[in-house]
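Just below is one structure, and these are the notes that go with it.
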2 protein chains.
Amino acid sequence: MIAPNMATMLAFVTTDAAVQPRLLQDVTCRVTERTFNRVTVDGDTSTNDSLFVLAGGASRVEITGEDAPGFQDALEAVLGRLCRMIARDGEGASRLVEVRVEGADSEQDAVRAARAVGESVLFKCAVAGGDPNWGRIVCALGYSGAAVVPETTTVHIGEVCVVQGGTPTDKDAHEPMQAEEVIVDIDLGQGQASARVLTCDLTKDYVTINAEYHT
Amino acid sequence: MIAPNMATMLAFVTTDAAVQPRLLQDVTCRVTERTFNRVTVDGDTSTNDSLFVLAGGASRVEITGEDAPGFQDALEAVLGRLCRMIARDGEGASRLVEVRVEGADSEQDAVRAARAVGESVLFKCAVAGGDPNWGRIVCALGYSGAAVVPETTTVHIGEVCVVQGGTPTDKDAHEPMQAEEVIVDIDLGQGQASARVLTCDLTKDYVTINAEYHT
């Protein structure tokens with residue numbers, strides 16, 4: 001969880017724009033699906049996580065249906081930055097990890113695949129150790145439930161291609177795996193859908209924080 | 001994974017009984033669903049995990065459809081014991097954890113609920129710390145996808161009832177939580193289905209083993 005000993009995650013975003021409640025709710029839900037709902041520190045959903053978006057209207061600039069796409073983009077930029085901060089600040093985290101999946105058969109498949117990798121305890125331990133363990137990435141894709149065909153699967157860690165058509169390239173990806181922000185790009189080669197998930201590594205400090213909080 | 005640096009999990013079970021391949025396959029699949037497929041050390045399915053059941057027929061005792069239930073019970077007892085050994089031997093594990101769910105609406109729901117608790121990284125850290133953190137159990141039930149109603153949910157750790165009708169009892173469950181084998185009994189109060197999952201705690205040694213295996 002984000003901060004189990006203090007409070008749950010409560011996010012407040014305010015804007016001076018004047019936005020009708022229904023439009024604001026619609027836009028917030030859409031954007032949350034792609035931002036807050038794609039952050040996972042440990043896969044443990046806190047039942048109290050909340051995001052409040054408040055539009056006070058002080059600017060007297062009214063957001064109508066026409067302006068909605070622009071407003072949505074701006075909100076997504078703000079929420080996206082908050083999400084990076086949350087993942088980077090995960091309990092015991094030493095590295096931010098961004099798992100980006102493209103070429104999926106559907107958005108649901110893209111999310112499944114990205115989430116399986118981002119929540120793989122084994123993969124997150126490999127990130128903690130700075131080891132570009134492509135096997136753990138491919139393994140998580142395999143059990144994700146998404147349509148995955150080894151022969152069409154390509155995996156990059158940073159700029160380094162580690163798996164091409166399901167086969168390891170033997171290229172050295174230690175440097176991007178030991179960066180402050182580890183980016184894993186996965187192309188499933190199955191379709192046009194994409195998704196990304198933000199997470200962090202799993203370190204001994206995570207276990208200490210979540211096992212020894214009473215001592 | 002069970003032993004990622006040596007091999008994947010390969011289980012071999014032999015019997016001198018004479019069993020026709022089709023019956024043996026049927027019984028093995030049914031029993032595996034309730035034994036090996038309900039063990040989870042970290043949720044990371046190894047793509048190579050295999051169980052082989054070989055019937056040599058040396059005893060000349062033929063197992064027919066009539067004997068199948070007895071044969072199935074015997075096989076389940078053997079596989080069940082192997083599974084406890086596997087979970088107890090999980091990487092870095094200090095405790096075996098058995099999550100038993102009853103009163104579920106369907107077997108699928110029972111498995112979902114048991115698996116969510118058994119794979120909750122937060123709960124497994126609490127087990128490592130020996131803390132009877134009922135909140136992490138209830139939280140995992142909540143996001144499991146199973147039909148869960150707080151008011152009908154009861155949770156025991158060992159013999160100690162920690163949650164009754166969704167409300168904490170404030171009874172001290174430190175002793176059963178610090179036992180060698182931690183048993184969590186969950187009654188969802190929704191139906192008749194049950195399931196159990198075997199797992200272990202998540203310790204700093206798990207992270208060391210899976211992060212620093214190259215050093």
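Every chain in the structure tokens has a letter given in the order shown (A, B, ...), and although residue numbers restart at 1 in each chain, ligands are simply numbered from 1 in the order shown.
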Worksheet item: When the cut-off is 9 Å and we count only C-alpha atoms, which residues of chain B are near chain A, given as a PyMOL selection string?
Response: chain B and resi 1+42-47+120-131+136+139-140+142-143+202-214
Item to complete: Fewer than 5 positions away in the same chain doesn't count, so skip those; otherwise give me all residues within 12 Å of Val27 (chain A), counting only C-alpha atoms, as a list in words.
Response: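 With the cut-off at 12 Å, the set is Val19, Gln20, Pro21, Arg22, Thr32, Glu33, Arg34, Val53, Ile63, Thr64, Gly65, Asp67, Ala68, Pro69, Gly70, Phe71, Gln72, Asp73, Ala74, Leu75, Glu76 and Leu79 of chain A.
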Go ahead and write the residues just picked, N, CA, C and O atoms, as a short mmCIF file (atom, residue, chain, number, x, y, z; two decimals), in the first residue's frame.
data_model
loop_
_atom_site.label_atom_id
_atom_site.label_comp_id
_atom_site.auth_asym_id
_atom_site.auth_seq_id
_atom_site.Cartn_x
_atom_site.Cartn_y
_atom_site.Cartn_z
N VAL A 19 -16.28 23.65 -14.39
CA VAL A 19 -16.63 22.42 -15.12
C VAL A 19 -17.88 21.81 -14.50
O VAL A 19 -17.95 21.64 -13.28
N GLN A 20 -18.82 21.50 -15.32
CA GLN A 20 -20.04 20.87 -14.82
C GLN A 20 -19.69 19.51 -14.19
O GLN A 20 -18.84 18.79 -14.72
N PRO A 21 -20.36 19.18 -13.08
CA PRO A 21 -20.02 17.94 -12.36
C PRO A 21 -19.98 16.70 -13.25
O PRO A 21 -19.07 15.89 -13.15
N ARG A 22 -20.95 16.58 -14.14
CA ARG A 22 -21.00 15.36 -14.95
C ARG A 22 -19.79 15.24 -15.88
O ARG A 22 -19.20 14.17 -16.02
N THR A 32 -8.32 8.71 -14.79
CA THR A 32 -7.88 7.89 -13.65
C THR A 32 -7.58 6.47 -14.10
O THR A 32 -6.62 5.84 -13.65
N GLU A 33 -8.40 5.98 -15.02
CA GLU A 33 -8.19 4.61 -15.54
C GLU A 33 -6.79 4.46 -16.11
O GLU A 33 -6.17 3.42 -16.00
N ARG A 34 -6.28 5.52 -16.72
CA ARG A 34 -4.97 5.45 -17.38
C ARG A 34 -3.83 5.95 -16.50
O ARG A 34 -2.67 5.91 -16.91
N VAL A 53 -11.19 15.45 -7.48
CA VAL A 53 -10.89 16.55 -8.40
C VAL A 53 -11.96 17.61 -8.18
O VAL A 53 -13.16 17.34 -8.34
N ILE A 63 -15.62 25.18 -18.99
CA ILE A 63 -15.19 24.07 -19.84
C ILE A 63 -16.45 23.40 -20.39
O ILE A 63 -17.25 22.86 -19.64
N THR A 64 -16.62 23.48 -21.70
CA THR A 64 -17.77 22.84 -22.31
C THR A 64 -17.29 21.56 -23.00
O THR A 64 -16.10 21.24 -22.98
N GLY A 65 -18.22 20.87 -23.62
CA GLY A 65 -17.86 19.62 -24.31
C GLY A 65 -16.72 19.81 -25.30
O GLY A 65 -15.85 18.95 -25.45
N ASP A 67 -14.22 21.90 -25.15
CA ASP A 67 -12.91 22.07 -24.49
C ASP A 67 -12.49 20.82 -23.73
O ASP A 67 -11.37 20.74 -23.22
N ALA A 68 -13.41 19.86 -23.65
CA ALA A 68 -13.15 18.69 -22.80
C ALA A 68 -11.84 17.98 -23.14
O ALA A 68 -11.07 17.65 -22.24
N PRO A 69 -11.54 17.75 -24.45
CA PRO A 69 -10.29 17.04 -24.76
C PRO A 69 -9.06 17.78 -24.20
O PRO A 69 -8.16 17.15 -23.64
N GLY A 70 -9.04 19.09 -24.34
CA GLY A 70 -7.90 19.87 -23.83
C GLY A 70 -7.82 19.79 -22.31
O GLY A 70 -6.74 19.62 -21.73
N PHE A 71 -8.97 19.92 -21.68
CA PHE A 71 -9.02 19.83 -20.21
C PHE A 71 -8.58 18.43 -19.77
O PHE A 71 -7.82 18.28 -18.81
N GLN A 72 -9.03 17.43 -20.50
CA GLN A 72 -8.66 16.05 -20.17
C GLN A 72 -7.14 15.85 -20.29
O GLN A 72 -6.52 15.24 -19.41
N ASP A 73 -6.55 16.39 -21.35
CA ASP A 73 -5.10 16.27 -21.53
C ASP A 73 -4.36 16.92 -20.37
O ASP A 73 -3.38 16.37 -19.86
N ALA A 74 -4.85 18.10 -19.96
CA ALA A 74 -4.18 18.82 -18.86
C ALA A 74 -4.30 18.03 -17.57
O ALA A 74 -3.32 17.89 -16.81
N LEU A 75 -5.49 17.49 -17.32
CA LEU A 75 -5.70 16.70 -16.09
C LEU A 75 -4.82 15.45 -16.13
O LEU A 75 -4.20 15.08 -15.12
N GLU A 76 -4.74 14.84 -17.30
CA GLU A 76 -3.92 13.62 -17.42
C GLU A 76 -2.45 13.93 -17.15
O GLU A 76 -1.74 13.13 -16.53
N LEU A 79 -2.17 14.30 -13.28
CA LEU A 79 -2.31 13.01 -12.59
C LEU A 79 -1.11 12.11 -12.92
O LEU A 79 -0.62 11.38 -12.06
#
Discussion item. Give me, as an MDAnalysis selection string, the residues of region 25-89 of chain A that a backbone DSSP run labels strand (DSSP E or B).
Written reply: chainID A and resid 39 50:55 62:63
Item to complete: Run DSSP on the backbone and give me the residues of chain A it puts in helix (DSSP H, G or I), as number ranges by chain.
Response: A: 21-34, 36-38, 68-88, 107-118, 121-128, 134-143, 150-152, 174-177, 204-211
Please produce a file of those selected residues containing C-alpha atoms, as a short mmCIF file (atom, residue, chain, number, x, y, z; two decimals), in the first residue's frame.
data_model
loop_
_atom_site.label_atom_id
_atom_site.label_comp_id
_atom_site.auth_asym_id
_atom_site.auth_seq_id
_atom_site.Cartn_x
_atom_site.Cartn_y
_atom_site.Cartn_z
CA PRO A 21 -20.02 17.94 -12.36
CA ARG A 22 -21.00 15.36 -14.95
CA LEU A 23 -18.29 16.35 -17.41
CA LEU A 24 -15.73 16.56 -14.62
CA GLN A 25 -16.69 13.09 -13.38
CA ASP A 26 -16.51 11.62 -16.89
CA VAL A 27 -13.12 13.13 -17.63
CA THR A 28 -11.75 12.20 -14.20
CA CYS A 29 -12.85 8.57 -14.54
CA ARG A 30 -11.35 8.28 -18.00
CA VAL A 31 -8.05 9.79 -16.96
CA THR A 32 -7.88 7.89 -13.65
CA GLU A 33 -8.19 4.61 -15.54
CA ARG A 34 -4.97 5.45 -17.38
CA PHE A 36 -3.92 6.21 -10.84
CA ASN A 37 -5.42 2.83 -11.71
CA ARG A 38 -2.16 1.90 -13.44
CA ALA A 68 -13.15 18.69 -22.80
CA PRO A 69 -10.29 17.04 -24.76
CA GLY A 70 -7.90 19.87 -23.83
CA PHE A 71 -9.02 19.83 -20.21
CA GLN A 72 -8.66 16.05 -20.17
CA ASP A 73 -5.10 16.27 -21.53
CA ALA A 74 -4.18 18.82 -18.86
CA LEU A 75 -5.70 16.70 -16.09
CA GLU A 76 -3.92 13.62 -17.42
CA ALA A 77 -0.59 15.47 -17.36
CA VAL A 78 -1.12 16.45 -13.71
CA LEU A 79 -2.31 13.01 -12.59
CA GLY A 80 0.47 11.35 -14.58
CA ARG A 81 3.10 13.36 -12.71
CA LEU A 82 1.50 12.59 -9.36
CA CYS A 83 1.53 8.89 -10.24
CA ARG A 84 5.24 8.91 -11.03
CA MET A 85 5.85 10.52 -7.64
CA ILE A 86 3.75 7.85 -5.91
CA ALA A 87 5.48 4.92 -7.60
CA ARG A 88 8.92 6.45 -7.04
CA GLU A 107 -6.52 -2.59 -24.23
CA GLN A 108 -7.56 -5.16 -21.62
CA ASP A 109 -4.79 -7.45 -22.83
CA ALA A 110 -2.28 -4.61 -22.78
CA VAL A 111 -3.20 -3.78 -19.18
CA ARG A 112 -3.08 -7.45 -18.16
CA ALA A 113 0.36 -7.89 -19.67
CA ALA A 114 1.77 -4.66 -18.20
CA ARG A 115 0.26 -5.37 -14.79
CA ALA A 116 1.56 -8.96 -14.71
CA VAL A 117 5.11 -7.72 -15.27
CA GLY A 118 4.71 -4.72 -12.96
CA VAL A 121 7.49 -10.10 -7.26
CA LEU A 122 10.35 -11.92 -8.97
CA PHE A 123 10.79 -9.23 -11.62
CA LYS A 124 10.66 -6.48 -8.99
CA CYS A 125 13.38 -8.25 -7.01
CA ALA A 126 15.50 -8.42 -10.19
CA VAL A 127 15.06 -4.64 -10.57
CA ALA A 128 16.20 -4.20 -6.95
CA TRP A 134 14.43 -10.86 -19.32
CA GLY A 135 13.22 -14.36 -18.40
CA ARG A 136 11.14 -12.99 -15.53
CA ILE A 137 9.53 -10.44 -17.86
CA VAL A 138 8.65 -13.01 -20.50
CA CYS A 139 7.46 -15.44 -17.82
CA ALA A 140 5.04 -12.84 -16.42
CA LEU A 141 3.75 -12.11 -19.93
CA GLY A 142 3.17 -15.83 -20.36
CA TYR A 143 0.93 -16.16 -17.32
CA PRO A 150 6.72 -15.79 -28.21
CA GLU A 151 7.61 -15.43 -31.90
CA THR A 152 6.05 -11.94 -32.12
CA HIS A 174 22.70 -3.72 -17.05
CA GLU A 175 23.04 0.05 -17.52
CA PRO A 176 19.35 0.81 -18.24
CA MET A 177 18.35 -1.72 -15.55
CA LYS A 204 14.60 -5.59 1.58
CA ASP A 205 13.49 -2.21 2.92
CA TYR A 206 9.97 -2.92 1.65
CA VAL A 207 9.89 -6.09 3.73
CA THR A 208 11.31 -4.28 6.76
CA ILE A 209 8.68 -1.53 6.50
CA ASN A 210 5.82 -3.99 6.09
CA ALA A 211 6.98 -6.71 8.48
#
Worksheet entry | Residue neighbourhood Arg196 (chain A), 6 Å, only C-alpha atoms, exclusion window fewer than 2 positions, as an MDAnalysis selection string | chainID A and resid 99:101
May I have the residues from that selection written out with all heavy atoms, as a short mmCIF file (atom, residue, chain, number, x, y, z; two decimals), in the first residue's frame?
data_model
loop_
_atom_site.label_atom_id
_atom_site.label_comp_id
_atom_site.auth_asym_id
_atom_site.auth_seq_id
_atom_site.Cartn_x
_atom_site.Cartn_y
_atom_site.Cartn_z
N VAL A 99 6.40 0.08 -17.08
CA VAL A 99 6.21 -1.05 -17.99
C VAL A 99 5.24 -0.62 -19.08
O VAL A 99 4.08 -0.31 -18.80
CB VAL A 99 5.66 -2.30 -17.27
CG1 VAL A 99 5.53 -3.47 -18.25
CG2 VAL A 99 6.56 -2.69 -16.10
N ARG A 100 5.73 -0.55 -20.31
CA ARG A 100 4.90 -0.09 -21.43
C ARG A 100 4.67 -1.24 -22.40
O ARG A 100 5.63 -1.86 -22.87
CB ARG A 100 5.58 1.07 -22.15
CG ARG A 100 5.99 2.19 -21.20
CD ARG A 100 6.38 3.46 -21.93
NE ARG A 100 7.63 3.34 -22.65
CZ ARG A 100 8.46 4.37 -22.88
NH1 ARG A 100 8.15 5.59 -22.43
NH2 ARG A 100 9.57 4.20 -23.54
N VAL A 101 3.40 -1.52 -22.62
CA VAL A 101 3.07 -2.60 -23.54
C VAL A 101 2.40 -2.02 -24.77
O VAL A 101 1.49 -1.19 -24.65
CB VAL A 101 2.13 -3.63 -22.87
CG1 VAL A 101 1.61 -4.64 -23.89
CG2 VAL A 101 2.87 -4.35 -21.74
#
Worksheet entry | Close residues, Phe12 (chain B) itself excluded, 8 Å, only C-alpha atoms, min 3 positions apart in chain, as a PyMOL selection string | chain B and resi 51-54
Once you have the residues from the selection above, write them out as a CSV table (one decimal), in the first residue's frame, restricted to N, CA, C and O atoms.
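After the write, result-v4.csv holds the following:
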chain,number,residue,atom,x,y,z
B,51,LEU,N,4.4,-31.9,-13.3
B,51,LEU,CA,4.1,-33.0,-12.4
B,51,LEU,C,3.9,-34.2,-13.3
B,51,LEU,O,3.1,-34.2,-14.2
B,52,PHE,N,4.7,-35.3,-13.0
B,52,PHE,CA,4.5,-36.5,-13.8
B,52,PHE,C,4.1,-37.6,-12.8
B,52,PHE,O,4.7,-37.8,-11.7
B,53,VAL,N,3.0,-38.3,-13.1
B,53,VAL,CA,2.5,-39.4,-12.4
B,53,VAL,C,2.6,-40.6,-13.2
B,53,VAL,O,2.1,-40.7,-14.3
B,54,LEU,N,3.4,-41.6,-12.8
B,54,LEU,CA,3.7,-42.7,-13.6
B,54,LEU,C,3.2,-44.0,-12.9
B,54,LEU,O,3.5,-44.2,-11.7
Worksheet item: Leaving out Asp16 (chain A) and any residue of its chain fewer than 3 positions from it, which residues lie within 8 Å of it when counting only C-alpha atoms, given as a PyMOL selection string?
Response: chain A and resi 55-61
Practice prompt. Determine, counting only C-alpha atoms, which protein, DNA and RNA residues have an atom within 9 Å of an atom of Asp185 (chain A); residues of the same chain fewer than 5 positions away are not included. Present the result as a list in words.
Written response: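 Near Asp185 (chain A), the qualifying residues are Glu98, Val99, Arg100, Val101, Glu102, Thr154, Val155, His156, Ile157, Gly158, Glu159 and Cys161 of chain A.
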Convert the current residue selection to file output with N, CA and C atoms, as a tab-separated table (two decimals), in the first residue's frame.
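The resulting part29.tsv:
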chain	number	residue	atom	x	y	z
A	98	GLU	N	8.71	1.72	-15.22
A	98	GLU	CA	7.58	1.96	-16.13
A	98	GLU	C	7.51	0.79	-17.10
A	99	VAL	N	6.40	0.08	-17.08
A	99	VAL	CA	6.21	-1.05	-17.99
A	99	VAL	C	5.24	-0.62	-19.08
A	100	ARG	N	5.73	-0.55	-20.31
A	100	ARG	CA	4.90	-0.09	-21.43
A	100	ARG	C	4.67	-1.24	-22.40
A	101	VAL	N	3.40	-1.52	-22.62
A	101	VAL	CA	3.07	-2.60	-23.54
A	101	VAL	C	2.40	-2.02	-24.77
A	102	GLU	N	2.85	-2.42	-25.96
A	102	GLU	CA	2.14	-2.05	-27.18
A	102	GLU	C	1.95	-3.31	-28.02
A	154	THR	N	8.68	-8.76	-28.51
A	154	THR	CA	9.96	-8.06	-28.43
A	154	THR	C	10.00	-7.29	-27.11
A	155	VAL	N	11.12	-7.32	-26.42
A	155	VAL	CA	11.26	-6.63	-25.13
A	155	VAL	C	12.51	-5.76	-25.15
A	156	HIS	N	12.34	-4.50	-24.80
A	156	HIS	CA	13.47	-3.58	-24.61
A	156	HIS	C	13.56	-3.20	-23.15
A	157	ILE	N	14.76	-3.10	-22.61
A	157	ILE	CA	14.98	-2.46	-21.32
A	157	ILE	C	15.74	-1.19	-21.64
A	158	GLY	N	15.09	-0.05	-21.40
A	158	GLY	CA	15.65	1.20	-21.90
A	158	GLY	C	15.74	1.10	-23.42
A	159	GLU	N	16.91	1.41	-23.98
A	159	GLU	CA	17.09	1.36	-25.43
A	159	GLU	C	17.59	0.00	-25.90
A	161	CYS	N	17.50	-3.82	-26.74
A	161	CYS	CA	16.58	-4.91	-27.07
A	161	CYS	C	17.11	-6.20	-26.44
